[in-house]
Protein chains: 2
Amino acid sequence: MKSILIVDDDPEFRANLTEILTEAGYRTVTASTGSEAIEKAANRSFDAVLLDLIMPGMSGMEVLTELKKLGPKSKIIMITAFATVDNAVHAIKRGASDYIAKPFNIDDLLVTIKLVLEEARFEANIKKLDMDYALSSLANPIRRKLIRLLRANKKMRLMELTRELSITDHTKVIFHLKTLRDSNIVYQDKDKSYHLTREGDRIIDCLSILENYLSA
Amino acid sequence: MKSILIVDDDPEFRANLTEILTEAGYRTVTASTGSEAIEKAANRSFDAVLLDLIMPGMSGMEVLTELKKLGPKSKIIMITAFATVDNAVHAIKRGASDYIAKPFNIDDLLVTIKLVLEEARFEANIKKLDMDYALSSLANPIRRKLIRLLRANKKMRLMELTRELSITDHTKVIFHLKTLRDSNIVYQDKDKSYHLTREGDRIIDCLSILENYLSA
DNA sequence: CCTTGCTGTGAAGTTTTCTTCACAGATTCA
DNA sequence: TGAATCTGTGAAGAAAACTTCACAGCAAGG
């Protein structure tokens with residue numbers, strides 16, 4: 001069950017939304033001010049946040065910025081009066097996922113929420129995919145050595161790598177380099193030299209962390 | 001080529017050792033005081049340290065403690081006068097790898113160094129082995145889900161896990177749990193419940209780091 | 001031009017990992 | 001006690017990962 005945080009200073013509006021969303025099968029939590037919202041979001045994560053742009057105290061825009069700091073990938077839908085749609089567009093530039101204009105049609109609201117959640121699910125899948133690739137690459141000791149060599153030497157040619165690993169068959173090295181390329185850890189430039197990608201750099205960082213952990 | 005740090009206040013003794021070890025095929029660096037030794041060890045790592053127990057200023061014992069803090073797995077050989085062999089034993093309890101008594105036979109010294117370095121190599125292999133196990137465990141998405149479930153719920157029975165993963169064949173789950181047990185990430189108590197080991201906890205920490213890295 | 005070394009492909013194989021299934025001893029609980 | 005559920009073994013097969021080999025284009029250097 002997806003959870004949604006409703007942030008609005010108007011109690012009646014909060015109650016309305018809560019009823020609509022509960023009926024639609026979501027779990028809801030409400031906050032009446034920006035700081036309350038930030039506090040709640042810090043303690044647990046929500047699948048989406050409905051955030052009023054205009055509130056006394058902290059403005060919706062400020063809250064948006066803070067929420068994005070807490071979780072850069074959190075999904076935030078701005079609620080705005082018709083008159084201030086421009087501001088909503090601005091909010092999207094700052095990381096909001098979408099906006100809806102008050103007064104709104106219930107169906108529009110639900111569709112918007114659904115789309116945004118769908119988007120989140122999609123992104124999570126992408127991430128999981130990367131993870132799978134990365135980890136299955138790391139599972140092989142030859143590939144780990146390759147990564148380390150590339151880390152140490154910045155760029156290397158096929159035969160350098162092959163000799164350094166004392167492997168007789170260079171096609172074996174090609175095979176592993178290929179899987180590293182598929183998982184986006186390594187790339188090859190026009191000179192045919194192999195390099196670590198930015199992601200590869202990150203992964204080797206994590207590898208050393210893991211090594212230290214395991215040897216402690 | 002293995003590098004050795006020689007720590008002794010006697011310049012003649014340092015020169016002697018340097019000559020012997022250089023000839024034996026080691027690279028040497030010297031330090032005349034404890035603090036100098038610590039400084040050098042902080043900047044780069046040595047395969048072994050030869051450390052005089054009795055020195056003006058910081059005592060060998062204090063230096064030993066500091067060096068161990070810098071690198072818990074660094075190999076330290078204490079050098080001690082015959083009269084203070086008891087202290088050397090004490091040093092071993094504090095983490096020194098071995099000791100030699102002054103005056104010593106050159107061959108004894110070389111053998112001691114060799115054994116200690118051998119030990120280091122062995123430990124490094126063990127570590128690499130653990131790493132291999134851990135990473136090939138993580139390569140499989142089902143096993144990652146299992147780890148996450150166990151992390152969230154502290155302890156779970158076989159069928160709980162099976163249902164949670166919507167897997168129809170429980171023997172499949174048994175298979176993956178078995179490989180997690182082999183790599184020492186999970187264990188089973190007398191109640192047949194599965195738990196994460198301490199190592200498993202560490203690994204999942206690292207997993208989340210990696211995830212954040214990859215999604216950034 | 002010919003040789004040598006580098007980079008690569010594609011198609012067998014081999015090995016390892018993963019899945020499935022048939023079965024069976026415990027345990028629970030009605 | 002008897003039926004249902006849980007936990008597990010072992011073997012056989014399928015799938016994925018890895019290795020090996022035969023071959024080929026291309027560039028550099030004599």
# chains A, B, ... in the order shown; residues from 1 in each chain; ligands from 1
>>> closest_atom_pairs(of="chain A", to="chain D", cutoff="12 Å", atoms="only C-alpha atoms (C1' of nucleotides)", output="tab-separated table")
residue	atom	partner	partner_atom	distance
A:Ser136	CA	D:DA17	C1'	10.4
A:Ser137	CA	D:DA17	C1'	11.1
A:Ala139	CA	D:DA17	C1'	11.1
A:Asn140	CA	D:DA17	C1'	10.0
A:Ile142	CA	D:DC18	C1'	11.0
A:Ile167	CA	D:DT19	C1'	11.7
A:Thr168	CA	D:DT20	C1'	10.8
A:Asp169	CA	D:DT20	C1'	8.2
A:His170	CA	D:DT20	C1'	10.7
A:Thr171	CA	D:DT20	C1'	8.9
A:Lys172	CA	D:DT19	C1'	7.0
A:Val173	CA	D:DT19	C1'	10.6
A:Ile174	CA	D:DT19	C1'	11.8
A:Phe175	CA	D:DC18	C1'	8.8
A:His176	CA	D:DC18	C1'	9.2
A:Thr179	CA	D:DA17	C1'	10.8
>>> write_last_selection(atoms="N, CA and C atoms", output="mmCIF file, in the first residue's frame")
data_model
loop_
_atom_site.group_PDB
_atom_site.id
_atom_site.type_symbol
_atom_site.label_atom_id
_atom_site.label_comp_id
_atom_site.auth_asym_id
_atom_site.auth_seq_id
_atom_site.Cartn_x
_atom_site.Cartn_y
_atom_site.Cartn_z
ATOM 1 N N SER A 136 26.849 -8.531 -10.455
ATOM 2 C CA SER A 136 27.281 -9.776 -11.077
ATOM 3 C C SER A 136 28.625 -9.576 -11.772
ATOM 4 N N SER A 137 28.933 -8.347 -12.100
ATOM 5 C CA SER A 137 30.270 -8.098 -12.611
ATOM 6 C C SER A 137 31.312 -8.299 -11.530
ATOM 7 N N ALA A 139 31.246 -10.158 -9.069
ATOM 8 C CA ALA A 139 31.316 -11.510 -8.525
ATOM 9 C C ALA A 139 32.533 -12.259 -9.045
ATOM 10 N N ASN A 140 33.062 -11.825 -10.159
ATOM 11 C CA ASN A 140 34.163 -12.571 -10.759
ATOM 12 C C ASN A 140 35.519 -11.954 -10.429
ATOM 13 N N ILE A 142 38.489 -12.246 -11.756
ATOM 14 C CA ILE A 142 39.254 -11.677 -12.867
ATOM 15 C C ILE A 142 38.786 -10.262 -13.146
ATOM 16 N N ILE A 167 47.499 -13.996 -18.091
ATOM 17 C CA ILE A 167 46.526 -14.849 -18.752
ATOM 18 C C ILE A 167 47.049 -15.130 -20.154
ATOM 19 N N THR A 168 47.000 -16.382 -20.547
ATOM 20 C CA THR A 168 47.596 -16.705 -21.842
ATOM 21 C C THR A 168 46.659 -16.369 -22.992
ATOM 22 N N ASP A 169 45.375 -16.595 -22.781
ATOM 23 C CA ASP A 169 44.439 -16.379 -23.876
ATOM 24 C C ASP A 169 43.810 -14.983 -23.797
ATOM 25 N N HIS A 170 44.170 -14.129 -24.731
ATOM 26 C CA HIS A 170 43.677 -12.761 -24.662
ATOM 27 C C HIS A 170 42.173 -12.671 -24.878
ATOM 28 N N THR A 171 41.608 -13.676 -25.545
ATOM 29 C CA THR A 171 40.161 -13.591 -25.793
ATOM 30 C C THR A 171 39.368 -13.744 -24.484
ATOM 31 N N LYS A 172 39.997 -14.379 -23.537
ATOM 32 C CA LYS A 172 39.374 -14.480 -22.224
ATOM 33 C C LYS A 172 39.241 -13.096 -21.600
ATOM 34 N N VAL A 173 40.281 -12.324 -21.718
ATOM 35 C CA VAL A 173 40.246 -10.963 -21.183
ATOM 36 C C VAL A 173 39.204 -10.143 -21.932
ATOM 37 N N ILE A 174 39.143 -10.343 -23.239
ATOM 38 C CA ILE A 174 38.130 -9.633 -24.023
ATOM 39 C C ILE A 174 36.737 -9.951 -23.501
ATOM 40 N N PHE A 175 36.531 -11.227 -23.218
ATOM 41 C CA PHE A 175 35.233 -11.641 -22.697
ATOM 42 C C PHE A 175 34.866 -10.853 -21.434
ATOM 43 N N HIS A 176 35.795 -10.793 -20.496
ATOM 44 C CA HIS A 176 35.483 -10.114 -19.238
ATOM 45 C C HIS A 176 35.372 -8.611 -19.422
ATOM 46 N N THR A 179 31.902 -7.928 -20.596
ATOM 47 C CA THR A 179 30.843 -7.897 -19.592
ATOM 48 C C THR A 179 30.967 -6.646 -18.725
#
>>> residues_around(residues="Gly200 in chain A", least_positions_apart="2", cutoff="12 Å", atoms="only C-alpha atoms (C1' of nucleotides)", output="PDB file with C-alpha atoms, in the first residue's frame")
ATOM      1  CA  ASP A 130      22.142  -1.351 -12.687  1.00  0.00           C
ATOM      2  CA  TYR A 133      24.708  -5.728 -13.550  1.00  0.00           C
ATOM      3  CA  ALA A 134      27.234  -4.176 -11.245  1.00  0.00           C
ATOM      4  CA  LEU A 135      27.115  -6.922  -8.672  1.00  0.00           C
ATOM      5  CA  SER A 137      30.270  -8.098 -12.611  1.00  0.00           C
ATOM      6  CA  LEU A 138      31.977  -7.876  -9.281  1.00  0.00           C
ATOM      7  CA  ARG A 143      36.956  -8.756 -13.398  1.00  0.00           C
ATOM      8  CA  ARG A 144      37.806  -7.354 -10.005  1.00  0.00           C
ATOM      9  CA  LEU A 146      40.754  -5.778 -14.174  1.00  0.00           C
ATOM     10  CA  ILE A 147      38.938  -2.994 -12.379  1.00  0.00           C
ATOM     11  CA  ARG A 148      41.803  -2.574  -9.938  1.00  0.00           C
ATOM     12  CA  LEU A 149      44.358  -2.435 -12.714  1.00  0.00           C
ATOM     13  CA  LEU A 150      42.361   0.178 -14.557  1.00  0.00           C
ATOM     14  CA  ARG A 151      41.961   2.154 -11.375  1.00  0.00           C
ATOM     15  CA  LYS A 154      43.979   5.114 -15.572  1.00  0.00           C
ATOM     16  CA  LEU A 180      32.354  -4.946 -17.750  1.00  0.00           C
ATOM     17  CA  ARG A 181      31.397  -2.749 -20.652  1.00  0.00           C
ATOM     18  CA  ASP A 182      27.888  -4.121 -20.671  1.00  0.00           C
ATOM     19  CA  SER A 183      27.504  -3.214 -17.038  1.00  0.00           C
ATOM     20  CA  ASN A 184      28.838   0.229 -17.781  1.00  0.00           C
ATOM     21  CA  ILE A 185      31.829  -0.044 -15.500  1.00  0.00           C
ATOM     22  CA  VAL A 186      34.423   0.230 -18.233  1.00  0.00           C
ATOM     23  CA  TYR A 187      34.551   1.923 -21.608  1.00  0.00           C
ATOM     24  CA  TYR A 194      40.153   0.750 -21.681  1.00  0.00           C
ATOM     25  CA  HIS A 195      39.143   3.114 -18.883  1.00  0.00           C
ATOM     26  CA  LEU A 196      36.940   3.052 -15.809  1.00  0.00           C
ATOM     27  CA  THR A 197      33.698   4.956 -16.141  1.00  0.00           C
ATOM     28  CA  ARG A 198      32.526   7.269 -13.399  1.00  0.00           C
ATOM     29  CA  ARG A 202      32.274   4.496  -7.505  1.00  0.00           C
ATOM     30  CA  ILE A 203      32.088   0.776  -7.516  1.00  0.00           C
ATOM     31  CA  ILE A 204      35.712   0.318  -6.663  1.00  0.00           C
ATOM     32  CA  ASP A 205      35.278   2.711  -3.768  1.00  0.00           C
ATOM     33  CA  CYS A 206      32.547   0.514  -2.479  1.00  0.00           C
ATOM     34  CA  LEU A 207      34.662  -2.539  -3.043  1.00  0.00           C
TER      35      LEU A 207
ATOM     36  CA  LEU B 210      26.443   1.005  -3.447  1.00  0.00           C
ATOM     37  CA  TYR B 213      26.120   5.550  -5.338  1.00  0.00           C
ATOM     38  CA  LEU B 214      24.573   4.027  -8.395  1.00  0.00           C
TER      39      LEU B 214
END
>>> interface_residues(of="chain C", to="chain A", cutoff="9 Å", atoms="only C-alpha atoms (C1' of nucleotides)", output="NGL selection string")
:C and (6-8)
>>> residues_around(residues="Leu53 in chain B", least_positions_apart="5", cutoff="8 Å", atoms="only C-alpha atoms (C1' of nucleotides)", output="PyMOL selection string")
chain B and resi 59-61+78-80+88
>>> select_by_dssp(residues="range 168-206 of chain B", states="strand (DSSP E or B)", output="MDAnalysis selection string")
chainID B and resid 186:188 194:196
>>> write_last_selection(atoms="C-alpha atoms", output="short mmCIF file (atom, residue, chain, number, x, y, z; two decimals), in the first residue's frame")
data_model
loop_
_atom_site.label_atom_id
_atom_site.label_comp_id
_atom_site.auth_asym_id
_atom_site.auth_seq_id
_atom_site.Cartn_x
_atom_site.Cartn_y
_atom_site.Cartn_z
CA VAL B 186 23.20 -15.96 7.25
CA TYR B 187 22.87 -18.53 10.00
CA GLN B 188 20.14 -20.70 11.35
CA TYR B 194 17.21 -17.70 9.78
CA HIS B 195 19.17 -14.61 10.85
CA LEU B 196 21.78 -12.31 9.41
#
>>> atom_distance(atom1="CA of Val7 in chain B", atom2="CA of Phe46 in chain B")
12.3 Å
>>> select_by_dssp(residues="chain A", states="alpha helix (DSSP H)", output="PyMOL selection string")
chain A and resi 11-23+34-43+60-70+85-93+106-138+141-153+158-164+170-182+198-215
